[in-house]
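Pasted below: structure_27.json, JSON, C-alpha atoms.
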[["chain", "number", "residue", "atom", "x", "y", "z"],
["A", 1, "MET", "CA", 78.03, 131.32, 65.52],
["A", 2, "ASN", "CA", 80.55, 131.98, 62.79],
["A", 3, "LEU", "CA", 83.47, 129.87, 61.62],
["A", 4, "GLU", "CA", 86.03, 131.81, 63.68],
["A", 5, "GLU", "CA", 84.13, 131.25, 66.92],
["A", 6, "LEU", "CA", 83.83, 127.53, 66.12],
["A", 7, "GLY", "CA", 87.60, 127.46, 65.52],
["A", 8, "ASN", "CA", 88.25, 129.11, 68.90],
["A", 9, "ILE", "CA", 86.00, 126.60, 70.63],
["A", 10, "GLY", "CA", 87.83, 123.78, 68.85],
["A", 11, "GLU", "CA", 91.21, 125.14, 70.00],
["A", 12, "PHE", "CA", 89.93, 125.45, 73.56],
["A", 13, "ILE", "CA", 88.64, 121.85, 73.55],
["A", 14, "GLY", "CA", 91.93, 120.70, 72.02],
["A", 15, "ALA", "CA", 93.91, 122.50, 74.76],
["A", 16, "ILE", "CA", 91.79, 120.83, 77.44],
["A", 17, "GLY", "CA", 92.48, 117.48, 75.75],
["A", 18, "VAL", "CA", 96.23, 118.16, 75.85],
["A", 19, "VAL", "CA", 96.11, 119.08, 79.56],
["A", 20, "VAL", "CA", 94.07, 115.96, 80.36],
["A", 21, "SER", "CA", 96.57, 113.87, 78.38],
["A", 22, "PHE", "CA", 99.50, 115.34, 80.33],
["A", 23, "VAL", "CA", 97.79, 114.69, 83.67],
["A", 24, "PHE", "CA", 97.05, 111.11, 82.62],
["A", 25, "LEU", "CA", 100.64, 110.67, 81.45],
["A", 26, "ALA", "CA", 101.98, 112.02, 84.76],
["A", 27, "PHE", "CA", 99.86, 109.49, 86.69],
["A", 28, "GLN", "CA", 101.05, 106.68, 84.42],
["A", 29, "VAL", "CA", 104.72, 107.63, 84.84],
["A", 30, "ARG", "CA", 104.30, 107.84, 88.62],
["A", 31, "ASN", "CA", 102.60, 104.45, 88.80],
["A", 32, "ASN", "CA", 105.21, 102.90, 86.52],
["A", 33, "THR", "CA", 108.05, 104.32, 88.63],
["A", 34, "ARG", "CA", 106.44, 102.90, 91.78],
["A", 35, "ALA", "CA", 106.04, 99.49, 90.13],
["A", 36, "LEU", "CA", 109.67, 99.50, 88.96],
["A", 37, "ARG", "CA", 110.90, 100.32, 92.47],
["A", 38, "ASP", "CA", 108.72, 97.60, 93.97],
["A", 39, "ASN", "CA", 110.06, 95.05, 91.49],
["A", 40, "ALA", "CA", 113.64, 96.17, 92.10],
["A", 41, "GLU", "CA", 113.22, 95.77, 95.86],
["A", 42, "LYS", "CA", 111.70, 92.31, 95.40],
["A", 43, "GLU", "CA", 114.63, 91.33, 93.18],
["A", 44, "MET", "CA", 117.13, 92.65, 95.72],
["A", 45, "ALA", "CA", 115.42, 90.72, 98.52],
["A", 46, "LYS", "CA", 115.55, 87.59, 96.37],
["A", 47, "ASN", "CA", 119.26, 88.13, 95.71],
["A", 48, "THR", "CA", 119.93, 88.56, 99.42],
["A", 49, "ALA", "CA", 118.13, 85.31, 100.21],
["A", 50, "GLU", "CA", 120.09, 83.49, 97.48],
["A", 51, "ALA", "CA", 123.39, 84.84, 98.84],
["A", 52, "LEU", "CA", 122.58, 83.40, 102.27],
["A", 53, "LEU", "CA", 121.65, 79.95, 100.97],
["A", 54, "PRO", "CA", 125.18, 78.50, 101.11],
["A", 55, "VAL", "CA", 125.41, 79.44, 104.81],
["A", 56, "ILE", "CA", 121.98, 78.01, 105.53],
["A", 57, "GLU", "CA", 122.22, 74.81, 103.49],
["A", 58, "SER", "CA", 125.80, 73.77, 104.12],
["A", 59, "GLY", "CA", 127.10, 73.08, 107.60],
["A", 60, "ASP", "CA", 130.62, 73.11, 106.18],
["A", 61, "PHE", "CA", 130.17, 76.54, 104.66],
["A", 62, "ALA", "CA", 128.38, 77.84, 107.77],
["A", 63, "ARG", "CA", 131.54, 76.92, 109.72],
["A", 64, "ILE", "CA", 133.74, 78.63, 107.11],
["A", 65, "PHE", "CA", 131.53, 81.72, 107.23],
["A", 66, "ARG", "CA", 131.51, 81.88, 111.04],
["A", 67, "VAL", "CA", 135.25, 81.34, 111.39],
["A", 68, "GLY", "CA", 136.05, 83.63, 108.46],
["A", 69, "LEU", "CA", 134.06, 86.48, 109.96],
["A", 70, "GLN", "CA", 135.93, 86.11, 113.24],
["A", 71, "ASP", "CA", 139.48, 85.31, 112.13],
["A", 72, "TRP", "CA", 140.63, 85.19, 108.51],
["A", 73, "ASP", "CA", 143.93, 83.56, 109.54],
["A", 74, "ARG", "CA", 142.21, 80.50, 111.06],
["A", 75, "LEU", "CA", 140.93, 79.46, 107.63],
["A", 76, "ASP", "CA", 143.06, 77.16, 105.49],
["A", 77, "GLU", "CA", 143.81, 78.15, 101.88],
["A", 78, "ASP", "CA", 140.76, 76.42, 100.36],
["A", 79, "ASP", "CA", 138.37, 77.76, 102.99],
["A", 80, "ARG", "CA", 139.83, 81.26, 102.57],
["A", 81, "MET", "CA", 139.09, 81.01, 98.86],
["A", 82, "ARG", "CA", 135.48, 79.95, 99.47],
["A", 83, "PHE", "CA", 134.96, 82.67, 102.07],
["A", 84, "SER", "CA", 136.58, 85.26, 99.80],
["A", 85, "MET", "CA", 134.37, 84.31, 96.85],
["A", 86, "HIS", "CA", 131.32, 84.58, 99.07],
["A", 87, "LEU", "CA", 132.43, 88.03, 100.21],
["A", 88, "PHE", "CA", 133.05, 89.12, 96.61],
["A", 89, "SER", "CA", 129.54, 88.02, 95.70],
["A", 90, "THR", "CA", 128.16, 89.90, 98.69],
["A", 91, "PHE", "CA", 130.17, 93.05, 98.04],
["A", 92, "PHE", "CA", 129.34, 93.09, 94.33],
["A", 93, "TYR", "CA", 125.71, 93.06, 95.43],
["A", 94, "TYR", "CA", 126.26, 96.00, 97.79],
["A", 95, "GLN", "CA", 128.21, 97.80, 95.07],
["A", 96, "HIS", "CA", 125.18, 97.41, 92.82],
["A", 97, "LEU", "CA", 122.90, 98.76, 95.56],
["A", 98, "PHE", "CA", 125.26, 101.68, 96.14],
["A", 99, "SER", "CA", 125.15, 102.55, 92.45],
["A", 100, "ARG", "CA", 121.36, 102.33, 92.33],
["A", 101, "HIS", "CA", 121.13, 104.47, 95.45],
["A", 102, "ARG", "CA", 123.33, 107.16, 93.90],
["A", 103, "GLN", "CA", 121.09, 107.13, 90.81],
["A", 104, "ARG", "CA", 118.02, 107.44, 93.09],
["A", 105, "GLN", "CA", 116.61, 104.17, 91.78],
["A", 106, "ILE", "CA", 116.00, 102.62, 95.19],
["A", 107, "ASP", "CA", 114.17, 103.92, 98.20],
["A", 108, "ALA", "CA", 116.34, 105.80, 100.73],
["A", 109, "GLU", "CA", 114.93, 103.77, 103.62],
["A", 110, "TYR", "CA", 115.75, 100.49, 101.86],
["A", 111, "TRP", "CA", 119.30, 101.71, 101.16],
["A", 112, "ALA", "CA", 119.73, 102.75, 104.80],
["A", 113, "ALA", "CA", 118.76, 99.26, 105.98],
["A", 114, "GLN", "CA", 121.10, 97.59, 103.49],
["A", 115, "LYS", "CA", 123.92, 99.96, 104.43],
["A", 116, "ARG", "CA", 123.56, 98.84, 108.06],
["A", 117, "VAL", "CA", 124.11, 95.22, 106.95],
["A", 118, "LEU", "CA", 127.18, 96.29, 104.95],
["A", 119, "GLU", "CA", 128.45, 98.11, 108.06],
["A", 120, "TRP", "CA", 127.93, 94.91, 110.08],
["A", 121, "TYR", "CA", 130.04, 92.94, 107.59],
["A", 122, "LEU", "CA", 132.80, 95.51, 107.78],
["A", 123, "ARG", "CA", 132.90, 95.41, 111.59],
["A", 124, "GLN", "CA", 133.89, 91.73, 111.42],
["A", 125, "SER", "CA", 137.64, 91.25, 111.84],
["A", 126, "GLY", "CA", 137.86, 88.61, 109.10],
["A", 127, "VAL", "CA", 136.18, 90.93, 106.59],
["A", 128, "ARG", "CA", 138.50, 93.76, 107.65],
["A", 129, "ARG", "CA", 141.49, 91.51, 106.82],
["A", 130, "TRP", "CA", 139.95, 90.63, 103.45],
["A", 131, "TRP", "CA", 138.98, 94.18, 102.47],
["A", 132, "PRO", "CA", 142.43, 95.68, 101.63],
["A", 133, "LYS", "CA", 143.13, 92.80, 99.23],
["A", 134, "ALA", "CA", 139.67, 92.98, 97.66],
["A", 135, "ARG", "CA", 138.92, 96.71, 97.34],
["A", 136, "SER", "CA", 140.86, 97.12, 94.07],
["A", 137, "ARG", "CA", 138.56, 94.61, 92.36],
["A", 138, "LEU", "CA", 135.50, 96.78, 93.04],
["A", 139, "ASN", "CA", 134.46, 100.12, 91.59],
["A", 140, "GLU", "CA", 136.60, 102.96, 92.88],
["A", 141, "SER", "CA", 133.60, 105.03, 93.96],
["A", 142, "PHE", "CA", 132.20, 102.14, 96.00],
["A", 143, "ALA", "CA", 135.61, 101.30, 97.50],
["A", 144, "ASN", "CA", 136.09, 104.95, 98.51],
["A", 145, "PHE", "CA", 132.59, 105.01, 100.01],
["A", 146, "VAL", "CA", 133.43, 101.94, 102.10],
["A", 147, "ASP", "CA", 136.79, 103.37, 103.17],
["A", 148, "ASN", "CA", 135.56, 106.86, 103.98],
["A", 149, "GLU", "CA", 131.98, 106.48, 105.17],
["A", 150, "ILE", "CA", 131.94, 103.05, 106.75],
["A", 151, "ILE", "CA", 135.43, 102.06, 107.85],
["A", 152, "GLY", "CA", 136.42, 105.69, 108.46],
["A", 153, "ALA", "CA", 133.24, 106.28, 110.50],
["A", 154, "ASP", "CA", 134.09, 103.28, 112.70],
["A", 155, "ALA", "CA", 137.52, 104.75, 113.42],
["A", 156, "ASP", "CA", 136.01, 107.95, 114.82]]
Please rewrite the model in this file as structure tokens.
Amino acid sequence: MNLEELGNIGEFIGAIGVVVSFVFLAFQVRNNTRALRDNAEKEMAKNTAEALLPVIESGDFARIFRVGLQDWDRLDEDDRMRFSMHLFSTFFYYQHLFSRHRQRQIDAEYWAAQKRVLEWYLRQSGVRRWWPKARSRLNESFANFVDNEIIGADAD
């Protein structure tokens, strides 16, 4: 075997090494992406649970939440402020989910389930009264999504 043949064999072995490296890298990227999505979903579930804590732990806030969902006008000024701040927190969360969904960073099935909860909120008359005052404080793309695909879909 001459030097040229040894060089060809070396190139062939090197090419196989590159292909194996790419396959390994593809598996690593796929596993890392899956792990990132899993962690993101765990974090979102944790955030949802934390957002519900005031309703669960405080009888006073549970009353504000229940009344606010039904009839914004029955709340006094202080209770309206507390309910409004809770809704802002909730809607900023859904705005974040909407953005992550558009960037394909969360699972479509997870987004669909969360969208149904957002739709539930927006079917409540108290939230419908709050929404026109609040929409300008949220991202325009999210506000338009809510107006066109959730509120607009309910009108049909």
Open item on the list: Counting only C-alpha atoms, which residue out of A:Met81, A:Asp147, A:Ala108, A:Gly68 sits closest to Gly126 of chain A?
Closed with: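 Smallest distance to Gly126 of chain A is found for A:Gly68.
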TODO: Find, counting only C-alpha atoms, the residue in A:Gln95, A:Val127, A:Tyr110, A:Ala15 that gets nearest to Phe145 of chain A.
DONE: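 When distances to Phe145 of chain A are compared using only C-alpha atoms, the smallest one comes from A:Gln95.
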Task: Nearest-residue call for Asp78 of chain A, choices A:Thr90, A:Ser58, A:Ile64, A:Asn39, using all atoms listed in the file - done: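 With all atoms listed in the file as the atom set, the closest residue is A:Ile64.
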TODO: Have a look at atom CA of Trp120 of chain A and atom CA of Met85 of chain A and let me know their distance in Å, one decimal.
DONE: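 Rounded to one decimal, the two atoms are 18.1 Å apart.
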TODO: Work out how far apart atom CA of Glu149 of chain A and atom CA of Lys115 of chain A are and give it in Å to one decimal.
DONE: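 Atom CA of Lys115 of chain A lies 10.4 Å from atom CA of Glu149 of chain A.
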Task: Selection: 10 Å around segment 139-141 of chain A, all atoms listed in the file, excl. self and same-chain fewer than 5 positions, as a list of chain:residue names - done: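 Everything that qualifies: A:Phe92, A:Gln95, A:His96, A:Phe98, A:Ser99, A:Val146, A:Asp147.
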Atoms kept (C-alpha atoms) for selection, written as a PDB file, in the frame of the given file:
ATOM      1  CA  PHE A  92     129.340  93.090  94.330  1.00  0.00           C
ATOM      2  CA  GLN A  95     128.210  97.800  95.070  1.00  0.00           C
ATOM      3  CA  HIS A  96     125.180  97.410  92.820  1.00  0.00           C
ATOM      4  CA  PHE A  98     125.260 101.680  96.140  1.00  0.00           C
ATOM      5  CA  SER A  99     125.150 102.550  92.450  1.00  0.00           C
ATOM      6  CA  VAL A 146     133.430 101.940 102.100  1.00  0.00           C
ATOM      7  CA  ASP A 147     136.790 103.370 103.170  1.00  0.00           C
TER       8      ASP A 147
END
